[in-house]
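Q: Before I ask anything, here is the structure I am working with.
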Protein chains: 2
Amino acid sequence: MAATTQDEADIRAFIERWTAAVRNHDYEGVLAGHDSDIIMFDVPPPLQSRGLEEYRRTWDLFFSWHRPSDAFDVRELEIIAGREVALAIALMRCGGAGKDGQHTELDFRLTIGFRKLNGSWRVVHEHHSVPATDE
Amino acid sequence: MAATTQDEADIRAFIERWTAAVRNHDYEGVLAGHDSDIIMFDVPPPLQSRGLEEYRRTWDLFFSWHRPSDAFDVRELEIIAGREVALAIALMRCGGAGKDGQHTELDFRLTIGFRKLNGSWRVVHEHHSVPATDE
């Protein structure tokens, strides 16, 4: 593997900044470093969102549920970094307001795809999900 | 980008062989090219499966629902390939037997993470999901 420790450290730092921005409902921070062609697979519908405008709207929905004091935390994280493409695989926990208004927490899976452009890692893909329950 | 067309073609061919193996319930083909440390996020629970033994069990569950004549098809596919790490982002459709025994089809999202080892692409991560429905 040609991955450098520096690439992994840079991606880890990126994820720390990004999750902090999510916790603070800081849209500028949430979108920083995201590619204009991002493909987003989110926990709720739709099946996919493409591009920064659609990506931003997925956060409108999330922030209608999550409050700034709630969790959006990395519980487990593995980073697989090459020189131009990298992958982050995480187990996450977030919190928000349930239908009855009471605080609820949710464990979910997150895969992030990165591409290095002009020396910086940029997010080209996010896939957030929970296991499907029987309908 | 240092990605070569050959890497993208190799990954596309890998995915064609792998989906054909899934359609045929060919375990050897399904597991071929998968890393011993694979991290699997599947459509149904559990939250994650790690390693080839747990990965194989996710297919036991799938093959109890899917029949060899049913779909396991790529509908849209994007490949982002570097020299050592690559990402496949797909919209998929599969078919199986619903609770009433009738044939049913399911659209799902699939992200595959690859690492090149000894000149061959190997799968280190799969993330399959459907959007969550309100509970």
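Lettering and numbering for the structure tokens are positional, with chains as A, B, ... in the shown order, residues counted from 1 in each chain, and ligands counted from 1 in the shown order.
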Return chain B as an mmCIF file with C-alpha atoms, in the first residue's frame, after superposing it on chain A by a least-squares fit that covers all C-alpha atoms paired in order.
A:
data_model
loop_
_atom_site.group_PDB
_atom_site.id
_atom_site.type_symbol
_atom_site.label_atom_id
_atom_site.label_comp_id
_atom_site.auth_asym_id
_atom_site.auth_seq_id
_atom_site.Cartn_x
_atom_site.Cartn_y
_atom_site.Cartn_z
ATOM 1 C CA MET B 1 -0.056 -0.048 0.026
ATOM 2 C CA ALA B 2 1.189 3.370 -0.947
ATOM 3 C CA ALA B 3 -1.126 5.089 1.526
ATOM 4 C CA THR B 4 0.665 7.517 3.758
ATOM 5 C CA THR B 5 -0.072 8.055 7.395
ATOM 6 C CA GLN B 6 -0.456 11.736 6.514
ATOM 7 C CA ASP B 7 -3.370 10.985 4.161
ATOM 8 C CA GLU B 8 -5.114 8.964 6.857
ATOM 9 C CA ALA B 9 -4.503 11.733 9.400
ATOM 10 C CA ASP B 10 -5.822 14.368 6.978
ATOM 11 C CA ILE B 11 -8.998 12.367 6.374
ATOM 12 C CA ARG B 12 -9.486 11.738 10.090
ATOM 13 C CA ALA B 13 -9.129 15.484 10.761
ATOM 14 C CA PHE B 14 -11.561 16.232 7.921
ATOM 15 C CA ILE B 15 -14.162 13.925 9.464
ATOM 16 C CA GLU B 16 -13.703 15.541 12.888
ATOM 17 C CA ARG B 17 -14.285 19.025 11.413
ATOM 18 C CA TRP B 18 -17.245 17.811 9.371
ATOM 19 C CA THR B 19 -19.022 16.017 12.241
ATOM 20 C CA ALA B 20 -18.496 19.114 14.443
ATOM 21 C CA ALA B 21 -20.065 21.248 11.684
ATOM 22 C CA VAL B 22 -23.041 18.856 11.537
ATOM 23 C CA ARG B 23 -23.469 19.015 15.325
ATOM 24 C CA ASN B 24 -23.498 22.836 15.085
ATOM 25 C CA HIS B 25 -25.830 23.013 12.025
ATOM 26 C CA ASP B 26 -23.024 24.933 10.302
ATOM 27 C CA TYR B 27 -23.962 24.507 6.625
ATOM 28 C CA GLU B 28 -20.756 26.104 5.375
ATOM 29 C CA GLY B 29 -18.711 23.599 7.359
ATOM 30 C CA VAL B 30 -20.957 20.690 6.401
ATOM 31 C CA LEU B 31 -20.572 21.415 2.682
ATOM 32 C CA ALA B 32 -16.879 22.387 2.783
ATOM 33 C CA GLY B 33 -14.728 19.943 0.880
ATOM 34 C CA HIS B 34 -17.657 18.306 -0.921
ATOM 35 C CA ASP B 35 -17.412 17.765 -4.662
ATOM 36 C CA SER B 36 -19.969 19.400 -6.964
ATOM 37 C CA ASP B 37 -20.756 15.934 -8.365
ATOM 38 C CA ILE B 38 -21.285 14.269 -4.968
ATOM 39 C CA ILE B 39 -23.529 11.206 -4.928
ATOM 40 C CA MET B 40 -25.402 10.954 -1.607
ATOM 41 C CA PHE B 41 -27.283 7.884 -0.355
ATOM 42 C CA ASP B 42 -29.013 9.072 2.835
ATOM 43 C CA VAL B 43 -30.853 7.272 5.650
ATOM 44 C CA PRO B 44 -34.323 8.569 4.639
ATOM 45 C CA PRO B 45 -35.607 8.732 1.048
ATOM 46 C CA PRO B 46 -34.924 9.631 -1.729
ATOM 47 C CA LEU B 47 -32.971 6.673 -3.134
ATOM 48 C CA GLN B 48 -30.154 9.047 -4.121
ATOM 49 C CA SER B 49 -29.271 12.755 -4.184
ATOM 50 C CA ARG B 50 -26.811 14.178 -6.708
ATOM 51 C CA GLY B 51 -24.868 17.427 -6.615
ATOM 52 C CA LEU B 52 -24.389 19.997 -3.868
ATOM 53 C CA GLU B 53 -27.914 21.466 -3.996
ATOM 54 C CA GLU B 54 -29.549 18.087 -3.437
ATOM 55 C CA TYR B 55 -26.872 17.196 -0.879
ATOM 56 C CA ARG B 56 -27.643 20.384 1.057
ATOM 57 C CA ARG B 57 -31.353 19.518 1.137
ATOM 58 C CA THR B 58 -30.625 16.207 2.865
ATOM 59 C CA TRP B 59 -29.230 18.302 5.752
ATOM 60 C CA ASP B 60 -32.348 20.522 5.839
ATOM 61 C CA LEU B 61 -34.270 17.333 6.567
ATOM 62 C CA PHE B 62 -31.764 16.098 9.149
ATOM 63 C CA PHE B 63 -31.672 19.447 10.972
ATOM 64 C CA SER B 64 -35.466 19.403 11.289
ATOM 65 C CA TRP B 65 -34.960 16.355 13.559
ATOM 66 C CA HIS B 66 -31.487 16.858 15.096
ATOM 67 C CA ARG B 67 -30.878 19.736 17.520
ATOM 68 C CA PRO B 68 -27.454 21.406 17.897
ATOM 69 C CA SER B 69 -26.951 19.745 21.294
ATOM 70 C CA ASP B 70 -27.603 16.240 19.915
ATOM 71 C CA ALA B 71 -25.067 13.610 18.920
ATOM 72 C CA PHE B 72 -23.526 13.141 15.479
ATOM 73 C CA ASP B 73 -20.588 11.063 16.572
ATOM 74 C CA VAL B 74 -18.102 8.588 15.151
ATOM 75 C CA ARG B 75 -18.065 5.369 17.205
ATOM 76 C CA GLU B 76 -15.787 3.246 14.985
ATOM 77 C CA LEU B 77 -13.737 4.405 12.006
ATOM 78 C CA GLU B 78 -11.487 2.708 9.470
ATOM 79 C CA ILE B 79 -9.701 4.629 6.740
ATOM 80 C CA ILE B 80 -8.353 3.010 3.572
ATOM 81 C CA ALA B 81 -6.299 5.578 1.688
ATOM 82 C CA GLY B 82 -4.474 5.369 -1.607
ATOM 83 C CA ARG B 83 -2.740 8.284 -3.294
ATOM 84 C CA GLU B 84 -5.782 9.591 -5.203
ATOM 85 C CA VAL B 85 -8.817 7.767 -3.772
ATOM 86 C CA ALA B 86 -9.715 6.935 -0.183
ATOM 87 C CA LEU B 87 -12.527 5.356 1.769
ATOM 88 C CA ALA B 88 -13.778 5.957 5.311
ATOM 89 C CA ILE B 89 -15.961 3.255 6.900
ATOM 90 C CA ALA B 90 -17.714 4.259 10.108
ATOM 91 C CA LEU B 91 -20.268 3.272 12.679
ATOM 92 C CA MET B 92 -22.038 6.425 13.827
ATOM 93 C CA ARG B 93 -24.569 7.548 16.420
ATOM 94 C CA CYS B 94 -26.858 10.532 16.125
ATOM 95 C CA GLY B 95 -29.677 11.950 18.212
ATOM 96 C CA GLY B 96 -32.854 13.872 17.520
ATOM 97 C CA ALA B 97 -36.467 14.387 18.444
ATOM 98 C CA GLY B 98 -38.796 11.409 18.065
ATOM 99 C CA LYS B 99 -42.395 11.724 16.942
ATOM 100 C CA ASP B 100 -43.473 12.333 20.528
ATOM 101 C CA GLY B 101 -40.860 15.100 20.857
ATOM 102 C CA GLN B 102 -38.729 12.980 23.179
ATOM 103 C CA HIS B 103 -35.013 12.633 22.555
ATOM 104 C CA THR B 104 -34.061 9.483 20.639
ATOM 105 C CA GLU B 105 -30.737 8.063 19.433
ATOM 106 C CA LEU B 106 -29.945 6.169 16.249
ATOM 107 C CA ASP B 107 -26.968 3.992 15.307
ATOM 108 C CA PHE B 108 -26.165 4.092 11.608
ATOM 109 C CA ARG B 109 -23.502 3.064 9.098
ATOM 110 C CA LEU B 110 -21.558 5.592 7.050
ATOM 111 C CA THR B 111 -19.237 5.107 4.086
ATOM 112 C CA ILE B 112 -17.448 8.179 2.696
ATOM 113 C CA GLY B 113 -15.576 8.202 -0.610
ATOM 114 C CA PHE B 114 -12.780 10.738 -1.134
ATOM 115 C CA ARG B 115 -10.806 11.835 -4.171
ATOM 116 C CA LYS B 116 -7.674 13.959 -3.893
ATOM 117 C CA LEU B 117 -7.837 17.071 -6.069
ATOM 118 C CA ASN B 118 -5.020 19.645 -6.137
ATOM 119 C CA GLY B 119 -3.520 18.078 -3.042
ATOM 120 C CA SER B 120 -6.718 18.144 -0.944
ATOM 121 C CA TRP B 121 -9.139 15.349 -0.136
ATOM 122 C CA ARG B 122 -12.676 16.043 -1.332
ATOM 123 C CA VAL B 123 -15.842 14.047 -0.626
ATOM 124 C CA VAL B 124 -17.307 12.515 -3.794
ATOM 125 C CA HIS B 125 -19.700 10.065 -2.122
ATOM 126 C CA GLU B 126 -21.557 9.491 1.149
ATOM 127 C CA HIS B 127 -23.672 6.470 1.979
ATOM 128 C CA HIS B 128 -25.619 6.660 5.263
ATOM 129 C CA SER B 129 -27.987 3.852 6.273
ATOM 130 C CA VAL B 130 -29.647 1.821 8.975
ATOM 131 C CA PRO B 131 -30.451 -1.892 8.601
ATOM 132 C CA ALA B 132 -33.891 -2.371 7.062
ATOM 133 C CA THR B 133 -36.661 -3.493 9.383
ATOM 134 C CA ASP B 134 -39.287 -5.952 8.195
ATOM 135 C CA GLU B 135 -42.300 -4.158 6.777
#
Q: Please identify which residues in chain B DSSP calls helix (DSSP H, G or I) from the backbone, and express them as JSON, numbers by chain.
A: {"B": [5, 6, 7, 8, 9, 10, 11, 12, 13, 14, 15, 16, 17, 18, 19, 20, 21, 22, 23, 27, 28, 29, 30, 31, 51, 52, 53, 54, 55, 56, 57, 58, 59, 60, 61, 62, 63]}
Q: Considering only strand (DSSP E or B) as DSSP defines it on the backbone, what residues of region 10-134 of chain B qualify? List them as a PDB file with C-alpha atoms, in the first residue's frame.
A:
ATOM      1  CA  HIS B  34     -13.097 -10.551  -1.238  1.00  0.00           C
ATOM      2  CA  ASP B  35     -10.592  -9.565   1.425  1.00  0.00           C
ATOM      3  CA  SER B  36     -10.391 -11.583   4.649  1.00  0.00           C
ATOM      4  CA  ASP B  37     -10.962  -8.338   6.583  1.00  0.00           C
ATOM      5  CA  ILE B  38     -14.043  -7.259   4.601  1.00  0.00           C
ATOM      6  CA  ILE B  39     -16.473  -4.955   6.392  1.00  0.00           C
ATOM      7  CA  MET B  40     -20.050  -5.587   5.207  1.00  0.00           C
ATOM      8  CA  PHE B  41     -23.033  -3.308   5.861  1.00  0.00           C
ATOM      9  CA  SER B  49     -20.532  -8.097   9.487  1.00  0.00           C
ATOM     10  CA  ARG B  50     -16.755  -8.507   9.568  1.00  0.00           C
ATOM     11  CA  PHE B  72     -29.490  -8.999  -8.918  1.00  0.00           C
ATOM     12  CA  ASP B  73     -28.745  -6.322 -11.453  1.00  0.00           C
ATOM     13  CA  VAL B  74     -26.754  -3.120 -11.785  1.00  0.00           C
ATOM     14  CA  ARG B  75     -28.979  -0.255 -12.981  1.00  0.00           C
ATOM     15  CA  GLU B  76     -26.505   2.638 -12.622  1.00  0.00           C
ATOM     16  CA  LEU B  77     -22.782   2.417 -11.904  1.00  0.00           C
ATOM     17  CA  GLU B  78     -20.001   4.930 -11.338  1.00  0.00           C
ATOM     18  CA  ILE B  79     -16.418   3.881 -10.712  1.00  0.00           C
ATOM     19  CA  ILE B  80     -13.823   6.140  -9.087  1.00  0.00           C
ATOM     20  CA  ALA B  81     -10.437   4.455  -9.335  1.00  0.00           C
ATOM     21  CA  VAL B  85      -7.960   2.258  -3.860  1.00  0.00           C
ATOM     22  CA  ALA B  86     -11.196   2.419  -5.829  1.00  0.00           C
ATOM     23  CA  LEU B  87     -14.882   2.942  -5.235  1.00  0.00           C
ATOM     24  CA  ALA B  88     -17.938   1.643  -7.090  1.00  0.00           C
ATOM     25  CA  ILE B  89     -21.254   3.452  -6.525  1.00  0.00           C
ATOM     26  CA  ALA B  90     -24.327   1.665  -7.843  1.00  0.00           C
ATOM     27  CA  LEU B  91     -28.082   1.628  -7.943  1.00  0.00           C
ATOM     28  CA  MET B  92     -29.207  -1.995  -7.958  1.00  0.00           C
ATOM     29  CA  ARG B  93     -32.379  -4.043  -8.317  1.00  0.00           C
ATOM     30  CA  CYS B  94     -32.953  -7.494  -6.901  1.00  0.00           C
ATOM     31  CA  GLY B  95     -35.908  -9.848  -6.727  1.00  0.00           C
ATOM     32  CA  GLY B  96     -37.128 -12.485  -4.314  1.00  0.00           C
ATOM     33  CA  ALA B  97     -40.112 -14.072  -2.654  1.00  0.00           C
ATOM     34  CA  HIS B 103     -42.314 -12.438  -6.471  1.00  0.00           C
ATOM     35  CA  THR B 104     -41.246  -8.960  -5.346  1.00  0.00           C
ATOM     36  CA  GLU B 105     -38.525  -6.559  -6.507  1.00  0.00           C
ATOM     37  CA  LEU B 106     -36.382  -4.188  -4.472  1.00  0.00           C
ATOM     38  CA  ASP B 107     -34.286  -1.188  -5.516  1.00  0.00           C
ATOM     39  CA  PHE B 108     -31.244  -0.665  -3.323  1.00  0.00           C
ATOM     40  CA  ARG B 109     -28.009   1.322  -3.123  1.00  0.00           C
ATOM     41  CA  LEU B 110     -24.602  -0.338  -3.172  1.00  0.00           C
ATOM     42  CA  THR B 111     -21.153   1.084  -2.467  1.00  0.00           C
ATOM     43  CA  ILE B 112     -18.141  -1.209  -2.959  1.00  0.00           C
ATOM     44  CA  GLY B 113     -14.638  -0.359  -1.759  1.00  0.00           C
ATOM     45  CA  PHE B 114     -11.649  -1.955  -3.501  1.00  0.00           C
ATOM     46  CA  ARG B 115      -7.958  -2.134  -2.684  1.00  0.00           C
ATOM     47  CA  LYS B 116      -5.380  -3.330  -5.198  1.00  0.00           C
ATOM     48  CA  LEU B 117      -3.193  -6.114  -3.816  1.00  0.00           C
ATOM     49  CA  SER B 120      -5.522  -7.382  -8.468  1.00  0.00           C
ATOM     50  CA  TRP B 121      -8.511  -5.465  -7.156  1.00  0.00           C
ATOM     51  CA  ARG B 122      -9.984  -6.974  -3.997  1.00  0.00           C
ATOM     52  CA  VAL B 123     -13.204  -6.014  -2.202  1.00  0.00           C
ATOM     53  CA  VAL B 124     -12.541  -4.614   1.281  1.00  0.00           C
ATOM     54  CA  HIS B 125     -15.989  -3.113   1.897  1.00  0.00           C
ATOM     55  CA  GLU B 126     -19.610  -3.428   0.772  1.00  0.00           C
ATOM     56  CA  HIS B 127     -22.462  -1.213   1.889  1.00  0.00           C
ATOM     57  CA  HIS B 128     -25.944  -2.284   0.731  1.00  0.00           C
ATOM     58  CA  SER B 129     -29.034  -0.362   1.860  1.00  0.00           C
TER      59      SER B 129
END
